[in-house]
Amino acid sequence: MTAAVPIENFTDSQKEAIFHKDGPLLVLAGPGSGKTRVITSRIAALIEAGVRPWNICAITFTNKAAEEMRIRVEQSTPAQGVYVSTFHSLCVWILRRYAEQAQLQPNFSILDVKDQQRCMKEAIADCQIDVTNFTPARMLDYISRLKNDLESAEQFEARADDFFSRSAAKAYSRYQQILTKNNALDFDDLLLRTAFLLRDCEDVRLQLSDRFRYLLVDEYQDTNHAQYQIAKGIALAHRNICVTGDPDQSIYRWRGADIENILAFEKDWPEAKVVKLEENFRSTPNILEKADQLIAANTKRKAKSLIATRPKGNEVIIDICEDENKEAHWVAERAEQLIDEGVNPNEIAVFYRVNSMSRTIEEAFVQRQLPYQVVRGVEFYARKEIRDLLAYLKVMVNPQDDIAFIRAVGTHTRGIGKTSLDRLSHFAKIQGLSLLDAGLRAEEIETINRPTRKRLVDFSKMLQALSEETTGDVAPLIEQVFAETGMEQALKVEEDATENISELISAAAEYDQRAEEPNLMDYLQMIALYSDSDAYDAESQRISLMTMHAAKGLEFDHAFIIGLEEGILPHERSLNEAGDDLEEERRLFFVGITRARKTLHVTYARHRVVRGQFIRSTPSQFLYEIGFEGEQDSFDTGWDRIDRYESSAPKPKKKLKIDSKPGQLYQVNQLVEHKKFGLGRVKEYLDLGEDSIVVVKFNTGNTKSLMVKYAKLTVVDG
DNA sequence: CCATCAGCTTTTTTT
DNA sequence: AAGCTGATGG
């Protein structure tokens with residue numbers, strides 16, 4: 001067997017980290033320092049030294065990163081069985097395995113953000129808290145912090161002493177009651193319950209320590225207190241804990257991440273070995289210089305250097321644009337140039353602060369016919385039809401899930417309305433039943449009229465029948481549910497909804513292939529943890545568009561960062577408080593900059609439409625920090641006064657409806673563009689006045705007939 | 001009971 | 001610009 005770890009390729013400090021023996025290890029790894037390679041090699045080295053793969057647990061920040069690491073580990077060692085996952089997935093695994101000790105049922109539902117809001121809304125209403133001051137979103141945010149700090153509802157209730165916290169305590173406690181009744185956990189509960197389990201059950205803790213004798217945690221700067229306690233709990237018995245991270249890349253403080261976890265690692269583990277990886281093997285010195293200048297402005301920071309190893313490259317370009325459209329076109333133009341020079345599109349990325357900023361870029365790319373992917377994974381699972389279908393599946397796995405039950409009822413018209421549901425809920429509450437069980441007994445509810453009662457019973461029976469068979473492959477199950485619940489029939493007219501469902505089924509089929517023991521419960525719990533960056537496809541020969549948060553851990557030859565304006569980056573929400581938030585914004589920009597290997601383009605637009613309003617903006621303070629000298633020439637840039645005039649003029653009331661498409665006529669073979677389907681050619685046009693229909697064959701291969709008045713079609717010239 | 005529409009609010013990042 | 005809510009009409 002050849003050596004799995006070819007040591008000659010590593011620097012001395014990398015080797016120190018890779019071959020460190022037992023005991024705690026802290027790797028402070030700057031951007032581009034080969035951290036991932038070091039971790040993988042360390043795992044291989046451990047195995048080579050006789051550790052069983054089974055006893056190694058590596059925790060990554062996203063599922064995507066876990067998947068990648070699994071592949072890398074498989075490549076560097078023939079041994080199988082290293083456990084690689086995110087904290088959240090690990091918690092699901094633990095909670096399912098030790099459900100009894102955790103006082104849970106293993107088939108728990110995992111709430112998504114929307115479900116959480118629904119539950120919180122209900123909780124607030126139940127507690128009769130004034131809604132104007134306590135919005136569900138705000139309350140959820142507050143409670144999430146408490147949970148991440150491992151404070152239970154009871155604990156918090158005991159210490160809440162002012163009006164706000166007492167109200168929050170009531171809402172927290174009621175919210176948890178609702179979740180328990182639904183046999184549901186939210187994201188934070190996964191961590192909190194696991195942390196409590198480890199704290200309270202020595203037996204479980206020791207079993208897990210024995211199972212995972214070597215623990216590695218990546219992106220440690222972004223762990224919160226709950227995750228910290230979980231890691232500590234697992235490693236306490238053997239002290240084989242290796243954490244890697246970079247305090248300068250901590251960008252999740254807003255989510256409860258505690259940078260102290262990495263800064264104070266040596267306090268927890270006094271015998272810890274510390275290795276610094278400061279050499280950068282990724283970016284040109286030109287790019288690193290900017291990154292260094294920028295991050296130096298952070299005061300709450302341990303000084304650290306970025307040591308360049310690459311040859312000098314191109315200067316970083318800062319470009320001023322008039323507005324977001326010009327900015328988008330400028331980016332598109334440069335990207336096109338690069339591609340013309342032979343650059344593979346998947347080596348190009350565009351980063352922005354907020355997801356909504358992808359739109360103008362997309363439009364510009366479509367116009368220039370540049371291939372791109374928007375990295376936003378959760379969007380797919382948030383679609384109405386997908387959530388609807390998943391609701392049935394959730395009830396099948398977890399009959400206590402009233403949230404899903406209500407959603408399933410409402411997927412399409414079936415003669416059961418809100419009033420009936422309220423009455424059903426009332427009955428269920430009095431009887432202490434789930435909605436499903438109450439539905440089966442709907443005949444007893446006299447307040448509901450007779451035909452509706454029947455419909456409720458039928459519906460509940462259908463669900464119950466479906467629930468009887470939830471084992472085995474998931475894809476056929478989804479198909480069956482789609483057909484038998486009537487959703488397929490109801491969606492017949494909506495082509496793209498049906499298309500999305502088939503996409504869901506294909507994805508499930510893929511899961512069936514991959515999973516060791518595919519089953520519906522596991523599948524649902526897994527997709528609940530699916531995240532944005534999971535949608536990134538490195539193979540896809542396309543330009544990637546994503547937020548800087550999603551860009552964490554990735555790298556590209558050519559990067560564009562757009563929207564360097566006060567209020568956007570740094571974001572307006574970070575401008576107020578103590579300055580900690582501002583420093584985090586700076587770190588976020590730092591992460592963005594250090595993604596680039598060869599070239600970096602940064603843009604700032606003088607004007608931008610934000611939330612439907614035309615705003616005049618000022619350059620981001622961060623631009624000055626990387627050497628931007630202001631605008632030498634702020635007028636007569638060729639930018640038309642007319643534009644400015646029009647934008648500041650009072651907007652005409654759109655109610656007047658000056659026929660948005662006056663006399664729009666389409667011709668056969670005309671090139672058109674649809675917001676969703678992209679480019680296509682007109683195959684047929686039926687002039688029926690207001691109800692005109694246009695048939696378009698899109699480049700995706702699909703042909704669709706669209707109502708002219710609804711379809712967002714634009715004619716493409718040339 | 002249900003669909004539609006006008007009017008109103010709106011956070012940014014995500015597991 | 002877009003999604004949600006409450007009111008209204010069928």
# chains A, B, ... in the order shown; residues from 1 in each chain; ligands from 1
$ closest_atom_pairs --of "region 174-268 of chain A" --to "region 94-105 of chain A" --cutoff "9 Å" --atoms "only C-alpha atoms" --output "JSON lines"
{"residue": "A:Asn183", "atom": "CA", "partner": "A:Gln105", "partner_atom": "CA", "distance": 7.3}
{"residue": "A:Leu190", "atom": "CA", "partner": "A:Leu95", "partner_atom": "CA", "distance": 7.8}
{"residue": "A:Arg193", "atom": "CA", "partner": "A:Ala102", "partner_atom": "CA", "distance": 7.0}
{"residue": "A:Thr194", "atom": "CA", "partner": "A:Leu95", "partner_atom": "CA", "distance": 6.6}
{"residue": "A:Phe196", "atom": "CA", "partner": "A:Ala102", "partner_atom": "CA", "distance": 8.2}
{"residue": "A:Leu197", "atom": "CA", "partner": "A:Ala102", "partner_atom": "CA", "distance": 5.8}
{"residue": "A:Cys201", "atom": "CA", "partner": "A:Gln101", "partner_atom": "CA", "distance": 7.5}
{"residue": "A:Val204", "atom": "CA", "partner": "A:Tyr98", "partner_atom": "CA", "distance": 7.6}
{"residue": "A:Leu208", "atom": "CA", "partner": "A:Ile94", "partner_atom": "CA", "distance": 8.7}
$ select_by_dssp --residues "region 325-407 of chain A" --states "strand (DSSP E or B)" --output "number ranges by chain"
A: 348-352, 372-374
$ closest_atom_pairs --of "chain B" --to "region 399-413 of chain A" --cutoff "12 Å" --atoms "only C-alpha atoms (C1' of nucleotides)" --output "Markdown table"
| residue | atom | partner | partner_atom | distance |
| --- | --- | --- | --- | --- |
| B:DC1 | C1' | A:Thr413 | CA | 10.1 |
| B:DC2 | C1' | A:Thr413 | CA | 8.2 |
| B:DA3 | C1' | A:Thr413 | CA | 10.3 |
$ residues_around --residues "Thr135 (chain A)" --least-positions-apart "5" --cutoff "12 Å" --atoms "only C-alpha atoms (C1' of nucleotides)" --output "list in words"
Gln117, Arg118, Met120, Lys121, Glu122, Ala123, Ile124, Ala125, Ile129, Asp130, Leu140, Asp141, Tyr142, Ser167, Ala168 and Ala171 of chain A
$ interface_residues --of "chain A" --to "chain B" --cutoff "7 Å" --atoms "only C-alpha atoms (C1' of nucleotides)" --output "PyMOL selection string"
chain A and resi 88+187+354+417+529+549
$ write_last_selection --atoms "C-alpha atoms" --output "PDB file, in the first residue's frame"
ATOM      1  CA  HIS A  88     -27.280  19.647  12.774  1.00  0.00           C
ATOM      2  CA  PHE A 187     -33.243  23.987  14.115  1.00  0.00           C
ATOM      3  CA  VAL A 354     -28.274  40.247  -0.207  1.00  0.00           C
ATOM      4  CA  GLY A 417     -62.501  25.768   4.822  1.00  0.00           C
ATOM      5  CA  LEU A 529     -31.433  20.531   6.829  1.00  0.00           C
ATOM      6  CA  HIS A 549     -22.192  34.040   3.212  1.00  0.00           C
TER       7      HIS A 549
END
$ closest_atom_pairs --of "chain A" --to "chain C" --cutoff "12 Å" --atoms "only C-alpha atoms (C1' of nucleotides)" --output "tab-separated table"
residue	atom	partner	partner_atom	distance
A:Ser356	CA	C:DA1	C1'	10.1
A:Arg359	CA	C:DA1	C1'	11.4
A:Val609	CA	C:DA1	C1'	9.8
A:Val610	CA	C:DA1	C1'	9.0
A:Arg611	CA	C:DA1	C1'	6.2
A:Gly612	CA	C:DA1	C1'	5.5
A:Gln613	CA	C:DA1	C1'	9.2
$ residues_around --residues "Arg368 (chain A)" --least-positions-apart "4" --cutoff "10 Å" --atoms "only C-alpha atoms (C1' of nucleotides)" --output "NGL selection string"
:A and (329 or 332-333 or 336 or 362-364)
$ write_last_selection --atoms "all heavy atoms" --output "PDB file, in the first residue's frame"
ATOM      1  N   HIS A 329     -24.384  45.232 -16.196  1.00  0.00           N
ATOM      2  CA  HIS A 329     -23.867  45.098 -17.552  1.00  0.00           C
ATOM      3  C   HIS A 329     -22.353  45.143 -17.590  1.00  0.00           C
ATOM      4  O   HIS A 329     -21.724  44.455 -18.381  1.00  0.00           O
ATOM      5  CB  HIS A 329     -24.491  46.169 -18.455  1.00  0.00           C
ATOM      6  CG  HIS A 329     -25.870  45.771 -18.875  1.00  0.00           C
ATOM      7  ND1 HIS A 329     -26.095  44.792 -19.808  1.00  0.00           N
ATOM      8  CD2 HIS A 329     -27.086  46.165 -18.442  1.00  0.00           C
ATOM      9  CE1 HIS A 329     -27.390  44.622 -19.949  1.00  0.00           C
ATOM     10  NE2 HIS A 329     -28.017  45.435 -19.128  1.00  0.00           N
ATOM     11  N   ALA A 332     -21.285  41.757 -16.563  1.00  0.00           N
ATOM     12  CA  ALA A 332     -21.552  40.804 -17.642  1.00  0.00           C
ATOM     13  C   ALA A 332     -20.520  40.949 -18.758  1.00  0.00           C
ATOM     14  O   ALA A 332     -20.031  39.964 -19.310  1.00  0.00           O
ATOM     15  CB  ALA A 332     -22.963  41.013 -18.181  1.00  0.00           C
ATOM     16  N   GLU A 333     -20.193  42.204 -19.047  1.00  0.00           N
ATOM     17  CA  GLU A 333     -19.230  42.465 -20.108  1.00  0.00           C
ATOM     18  C   GLU A 333     -17.871  41.859 -19.770  1.00  0.00           C
ATOM     19  O   GLU A 333     -17.247  41.180 -20.584  1.00  0.00           O
ATOM     20  CB  GLU A 333     -19.111  43.977 -20.274  1.00  0.00           C
ATOM     21  CG  GLU A 333     -18.539  44.417 -21.585  1.00  0.00           C
ATOM     22  CD  GLU A 333     -18.439  45.939 -21.627  1.00  0.00           C
ATOM     23  OE1 GLU A 333     -19.450  46.620 -21.309  1.00  0.00           O
ATOM     24  OE2 GLU A 333     -17.345  46.446 -21.924  1.00  0.00           O
ATOM     25  N   GLU A 336     -17.975  38.133 -19.891  1.00  0.00           N
ATOM     26  CA  GLU A 336     -17.985  37.667 -21.274  1.00  0.00           C
ATOM     27  C   GLU A 336     -16.572  37.711 -21.862  1.00  0.00           C
ATOM     28  O   GLU A 336     -16.130  36.776 -22.527  1.00  0.00           O
ATOM     29  CB  GLU A 336     -18.923  38.528 -22.110  1.00  0.00           C
ATOM     30  CG  GLU A 336     -19.229  37.923 -23.462  1.00  0.00           C
ATOM     31  CD  GLU A 336     -20.325  38.683 -24.192  1.00  0.00           C
ATOM     32  OE1 GLU A 336     -20.504  39.894 -23.918  1.00  0.00           O
ATOM     33  OE2 GLU A 336     -21.004  38.083 -25.021  1.00  0.00           O
ATOM     34  N   GLU A 362     -28.665  38.632 -13.124  1.00  0.00           N
ATOM     35  CA  GLU A 362     -29.276  37.584 -13.945  1.00  0.00           C
ATOM     36  C   GLU A 362     -29.799  38.144 -15.256  1.00  0.00           C
ATOM     37  O   GLU A 362     -29.599  37.565 -16.318  1.00  0.00           O
ATOM     38  CB  GLU A 362     -30.438  36.928 -13.195  1.00  0.00           C
ATOM     39  CG  GLU A 362     -30.008  35.997 -12.099  1.00  0.00           C
ATOM     40  CD  GLU A 362     -31.207  35.314 -11.466  1.00  0.00           C
ATOM     41  OE1 GLU A 362     -31.790  34.441 -12.126  1.00  0.00           O
ATOM     42  OE2 GLU A 362     -31.573  35.671 -10.328  1.00  0.00           O
ATOM     43  N   GLU A 363     -30.467  39.291 -15.153  1.00  0.00           N
ATOM     44  CA  GLU A 363     -31.032  39.894 -16.362  1.00  0.00           C
ATOM     45  C   GLU A 363     -29.939  40.217 -17.376  1.00  0.00           C
ATOM     46  O   GLU A 363     -30.079  39.930 -18.568  1.00  0.00           O
ATOM     47  CB  GLU A 363     -31.830  41.150 -15.999  1.00  0.00           C
ATOM     48  CG  GLU A 363     -33.183  40.810 -15.411  1.00  0.00           C
ATOM     49  CD  GLU A 363     -33.866  42.010 -14.761  1.00  0.00           C
ATOM     50  OE1 GLU A 363     -33.313  43.132 -14.831  1.00  0.00           O
ATOM     51  OE2 GLU A 363     -34.945  41.814 -14.178  1.00  0.00           O
ATOM     52  N   ALA A 364     -28.865  40.774 -16.880  1.00  0.00           N
ATOM     53  CA  ALA A 364     -27.759  41.117 -17.782  1.00  0.00           C
ATOM     54  C   ALA A 364     -27.148  39.864 -18.403  1.00  0.00           C
ATOM     55  O   ALA A 364     -26.809  39.846 -19.582  1.00  0.00           O
ATOM     56  CB  ALA A 364     -26.703  41.913 -17.031  1.00  0.00           C
TER      57      ALA A 364
END
$ atom_distance --atom1 "CA of Glu315 (chain A)" --atom2 "CA of Gln541 (chain A)"
25.8 Å
$ closest_residue --among "A:Ser531, A:Thr470, A:Ser250, A:Asn325" --to "Phe380 (chain A)" --atoms "only C-alpha atoms"
A:Ser531
$ select_by_dssp --residues "region 224-458 of chain A" --states "helix (DSSP H, G or I)" --output "PyMOL selection string"
chain A and resi 225-235+247-249+253-255+260-263+265-268+285-295+324-340+345-347+355-367+378-382+384-397+402-409+418-431+435-440+442-444+450-458
$ atom_distance --atom1 "CA of Thr603 (chain A)" --atom2 "CA of Phe556 (chain A)"
17.6 Å
$ residues_around --residues "Asn344 (chain A)" --least-positions-apart "4" --cutoff "9 Å" --atoms "only C-alpha atoms (C1' of nucleotides)" --output "PyMOL selection string"
chain A and resi 338-339+348+541-543
$ residues_around --residues "region 52-55 of chain A" --least-positions-apart "4" --cutoff "10 Å" --atoms "only C-alpha atoms (C1' of nucleotides)" --output "compact mmCIF listing (two decimals) with C-alpha atoms, in the first residue's frame"
# COMPACT_ATOMS: atom_id res chain seq x y z
CA ILE A 43 -7.79 11.99 8.94
CA ALA A 44 -5.77 9.82 6.59
CA LEU A 46 -4.85 9.02 11.90
CA ILE A 47 -6.11 6.00 10.04
CA GLU A 48 -2.62 5.12 8.96
CA THR A 77 -7.44 6.51 2.23
CA ALA A 79 -10.54 2.91 4.66
CA GLN A 80 -14.28 3.49 4.83
CA GLY A 81 -16.60 4.63 7.55
CA VAL A 82 -15.38 8.03 8.71
CA TYR A 83 -18.41 9.93 9.97
CA LEU A 208 -20.67 8.81 22.01
CA SER A 209 -17.14 9.50 23.20
CA ASP A 210 -16.36 5.89 22.60
CA ARG A 211 -17.93 5.93 19.17
CA PHE A 212 -16.21 9.16 18.14
CA ARG A 213 -12.76 8.92 19.67
CA TYR A 214 -11.39 11.59 17.39
CA LEU A 215 -13.43 14.71 16.80
$ atom_distance --atom1 "CA of Pro371 (chain A)" --atom2 "CA of Met357 (chain A)"
17.5 Å
$ decode --residues "chain C" --atoms "all heavy atoms" --output "compact mmCIF listing (two decimals), in the first residue's frame"
# COMPACT_ATOMS: atom_id res chain seq x y z
P DA C 1 -40.99 47.96 -9.40
OP1 DA C 1 -41.26 47.00 -10.46
OP2 DA C 1 -42.02 48.86 -8.93
O5' DA C 1 -40.50 47.10 -8.11
C5' DA C 1 -39.38 46.26 -8.29
C4' DA C 1 -39.59 44.97 -7.54
O4' DA C 1 -39.83 45.27 -6.14
C3' DA C 1 -40.75 44.10 -7.98
O3' DA C 1 -40.36 42.73 -7.85
C2' DA C 1 -41.88 44.45 -7.03
C1' DA C 1 -41.11 44.78 -5.75
N9 DA C 1 -41.72 45.82 -4.94
C8 DA C 1 -42.43 46.90 -5.37
N7 DA C 1 -42.84 47.68 -4.41
C5 DA C 1 -42.36 47.07 -3.25
C6 DA C 1 -42.45 47.40 -1.90
N6 DA C 1 -43.08 48.48 -1.44
N1 DA C 1 -41.84 46.58 -1.01
C2 DA C 1 -41.19 45.51 -1.46
N3 DA C 1 -41.04 45.09 -2.72
C4 DA C 1 -41.66 45.92 -3.57
P DA C 2 -41.37 41.57 -8.08
OP1 DA C 2 -40.56 40.47 -8.61
OP2 DA C 2 -42.59 42.04 -8.79
O5' DA C 2 -41.79 41.22 -6.58
C5' DA C 2 -40.78 40.97 -5.60
C4' DA C 2 -41.46 40.40 -4.37
O4' DA C 2 -41.98 41.49 -3.58
C3' DA C 2 -42.65 39.49 -4.67
O3' DA C 2 -42.72 38.51 -3.66
C2' DA C 2 -43.83 40.44 -4.58
C1' DA C 2 -43.37 41.30 -3.40
N9 DA C 2 -44.00 42.62 -3.34
C8 DA C 2 -44.48 43.37 -4.36
N7 DA C 2 -44.99 44.51 -3.99
C5 DA C 2 -44.82 44.52 -2.60
C6 DA C 2 -45.15 45.44 -1.61
N6 DA C 2 -45.73 46.61 -1.86
N1 DA C 2 -44.84 45.14 -0.33
C2 DA C 2 -44.24 43.97 -0.08
N3 DA C 2 -43.88 43.01 -0.94
C4 DA C 2 -44.20 43.35 -2.20
P DG C 3 -43.47 37.14 -3.94
OP1 DG C 3 -42.51 36.22 -4.57
OP2 DG C 3 -44.78 37.40 -4.58
O5' DG C 3 -43.74 36.65 -2.44
C5' DG C 3 -42.94 37.14 -1.38
C4' DG C 3 -43.82 37.51 -0.21
O4' DG C 3 -44.35 38.85 -0.39
C3' DG C 3 -45.04 36.59 -0.02
O3' DG C 3 -45.16 36.27 1.35
C2' DG C 3 -46.21 37.45 -0.51
C1' DG C 3 -45.74 38.84 -0.13
N9 DG C 3 -46.33 39.91 -0.91
C8 DG C 3 -46.49 39.96 -2.27
N7 DG C 3 -47.04 41.07 -2.69
C5 DG C 3 -47.26 41.80 -1.52
C6 DG C 3 -47.82 43.08 -1.34
O6 DG C 3 -48.27 43.85 -2.18
N1 DG C 3 -47.85 43.45 0.00
C2 DG C 3 -47.38 42.68 1.04
N2 DG C 3 -47.48 43.19 2.26
N3 DG C 3 -46.85 41.47 0.88
C4 DG C 3 -46.81 41.10 -0.42
P DC C 4 -46.22 35.21 1.83
OP1 DC C 4 -45.49 34.19 2.59
OP2 DC C 4 -47.09 34.81 0.69
O5' DC C 4 -47.10 36.07 2.83
C5' DC C 4 -46.47 36.93 3.78
C4' DC C 4 -47.54 37.79 4.41
O4' DC C 4 -47.94 38.81 3.47
C3' DC C 4 -48.81 37.01 4.78
O3' DC C 4 -49.17 37.32 6.12
C2' DC C 4 -49.84 37.47 3.75
C1' DC C 4 -49.34 38.86 3.38
N1 DC C 4 -49.68 39.30 2.00
C2 DC C 4 -50.22 40.58 1.79
O2 DC C 4 -50.43 41.30 2.77
N3 DC C 4 -50.50 40.98 0.53
C4 DC C 4 -50.27 40.17 -0.50
N4 DC C 4 -50.56 40.63 -1.73
C5 DC C 4 -49.72 38.87 -0.32
C6 DC C 4 -49.44 38.47 0.93
P DT C 5 -50.48 36.69 6.74
OP1 DT C 5 -50.19 36.42 8.16
OP2 DT C 5 -50.99 35.61 5.87
O5' DT C 5 -51.46 37.92 6.66
C5' DT C 5 -51.03 39.21 7.08
C4' DT C 5 -52.24 40.13 7.18
O4' DT C 5 -52.56 40.62 5.85
C3' DT C 5 -53.51 39.43 7.67
O3' DT C 5 -54.23 40.32 8.50
C2' DT C 5 -54.27 39.10 6.40
C1' DT C 5 -53.86 40.24 5.47
N1 DT C 5 -53.80 39.91 4.03
C2 DT C 5 -54.15 40.87 3.10
O2 DT C 5 -54.52 41.99 3.41
N3 DT C 5 -54.04 40.47 1.79
C4 DT C 5 -53.63 39.23 1.32
O4 DT C 5 -53.57 39.00 0.14
C5 DT C 5 -53.28 38.27 2.35
C7 DT C 5 -52.84 36.90 1.95
C6 DT C 5 -53.39 38.65 3.63
P DG C 6 -55.42 39.74 9.39
OP1 DG C 6 -55.09 40.02 10.79
OP2 DG C 6 -55.75 38.38 8.95
O5' DG C 6 -56.59 40.72 8.94
C5' DG C 6 -56.32 42.08 8.60
C4' DG C 6 -57.38 42.58 7.64
O4' DG C 6 -57.11 42.07 6.31
C3' DG C 6 -58.80 42.12 7.99
O3' DG C 6 -59.68 43.23 7.77
C2' DG C 6 -59.07 41.00 6.99
C1' DG C 6 -58.29 41.48 5.78
N9 DG C 6 -57.87 40.44 4.86
C8 DG C 6 -57.44 39.17 5.17
N7 DG C 6 -57.11 38.47 4.12
C5 DG C 6 -57.35 39.33 3.05
C6 DG C 6 -57.18 39.12 1.66
O6 DG C 6 -56.78 38.11 1.08
N1 DG C 6 -57.54 40.25 0.92
C2 DG C 6 -58.01 41.42 1.46
N2 DG C 6 -58.30 42.39 0.60
N3 DG C 6 -58.17 41.62 2.76
C4 DG C 6 -57.82 40.54 3.49
P DA C 7 -61.19 43.16 8.22
OP1 DA C 7 -61.35 44.23 9.21
OP2 DA C 7 -61.56 41.77 8.55
O5' DA C 7 -61.93 43.59 6.88
C5' DA C 7 -61.42 44.66 6.07
C4' DA C 7 -62.03 44.58 4.69
O4' DA C 7 -61.38 43.52 3.95
C3' DA C 7 -63.53 44.25 4.68
O3' DA C 7 -64.19 45.09 3.75
C2' DA C 7 -63.58 42.79 4.27
C1' DA C 7 -62.36 42.68 3.36
N9 DA C 7 -61.80 41.34 3.28
C8 DA C 7 -61.52 40.48 4.31
N7 DA C 7 -61.01 39.33 3.93
C5 DA C 7 -60.95 39.44 2.55
C6 DA C 7 -60.49 38.56 1.55
N6 DA C 7 -60.00 37.35 1.80
N1 DA C 7 -60.57 38.98 0.26
C2 DA C 7 -61.07 40.19 0.01
N3 DA C 7 -61.52 41.12 0.87
C4 DA C 7 -61.43 40.67 2.13
P DT C 8 -65.76 45.11 3.70
OP1 DT C 8 -66.15 46.52 3.86
OP2 DT C 8 -66.33 44.07 4.58
O5' DT C 8 -66.04 44.67 2.19
C5' DT C 8 -65.10 44.98 1.15
C4' DT C 8 -65.42 44.13 -0.06
O4' DT C 8 -64.73 42.86 0.05
C3' DT C 8 -66.91 43.78 -0.20
O3' DT C 8 -67.30 43.88 -1.57
C2' DT C 8 -66.99 42.34 0.26
C1' DT C 8 -65.64 41.81 -0.20
N1 DT C 8 -65.17 40.60 0.51
C2 DT C 8 -64.61 39.57 -0.23
O2 DT C 8 -64.48 39.62 -1.44
N3 DT C 8 -64.19 38.50 0.51
C4 DT C 8 -64.28 38.34 1.87
O4 DT C 8 -63.88 37.32 2.42
C5 DT C 8 -64.89 39.44 2.59
C7 DT C 8 -65.04 39.36 4.08
C6 DT C 8 -65.29 40.51 1.88
P DG C 9 -68.83 44.06 -1.91
OP1 DG C 9 -69.02 45.47 -2.30
OP2 DG C 9 -69.66 43.47 -0.85
O5' DG C 9 -68.95 43.15 -3.20
C5' DG C 9 -67.82 42.89 -4.03
C4' DG C 9 -67.91 41.50 -4.61
O4' DG C 9 -67.38 40.53 -3.67
C3' DG C 9 -69.35 41.04 -4.92
O3' DG C 9 -69.34 40.33 -6.15
C2' DG C 9 -69.68 40.12 -3.75
C1' DG C 9 -68.31 39.49 -3.51
N9 DG C 9 -68.12 38.93 -2.18
C8 DG C 9 -68.49 39.47 -0.97
N7 DG C 9 -68.17 38.72 0.06
C5 DG C 9 -67.55 37.62 -0.52
C6 DG C 9 -66.98 36.46 0.09
O6 DG C 9 -66.93 36.19 1.29
N1 DG C 9 -66.46 35.60 -0.86
C2 DG C 9 -66.48 35.80 -2.21
N2 DG C 9 -65.93 34.85 -2.97
N3 DG C 9 -66.99 36.87 -2.79
C4 DG C 9 -67.51 37.73 -1.89
P DG C 10 -70.69 40.01 -6.86
OP1 DG C 10 -70.68 40.85 -8.07
OP2 DG C 10 -71.82 40.06 -5.91
O5' DG C 10 -70.46 38.50 -7.31
C5' DG C 10 -69.17 38.05 -7.74
C4' DG C 10 -69.09 36.56 -7.55
O4' DG C 10 -68.86 36.26 -6.15
C3' DG C 10 -70.39 35.82 -7.92
O3' DG C 10 -70.05 34.65 -8.66
C2' DG C 10 -71.01 35.44 -6.59
C1' DG C 10 -69.77 35.26 -5.73
N9 DG C 10 -69.99 35.46 -4.30
C8 DG C 10 -70.63 36.50 -3.68
N7 DG C 10 -70.67 36.40 -2.38
C5 DG C 10 -70.01 35.20 -2.12
C6 DG C 10 -69.73 34.56 -0.89
O6 DG C 10 -70.02 34.91 0.24
N1 DG C 10 -69.04 33.36 -1.10
C2 DG C 10 -68.67 32.86 -2.31
N2 DG C 10 -68.01 31.70 -2.30
N3 DG C 10 -68.92 33.45 -3.46
C4 DG C 10 -69.59 34.62 -3.30
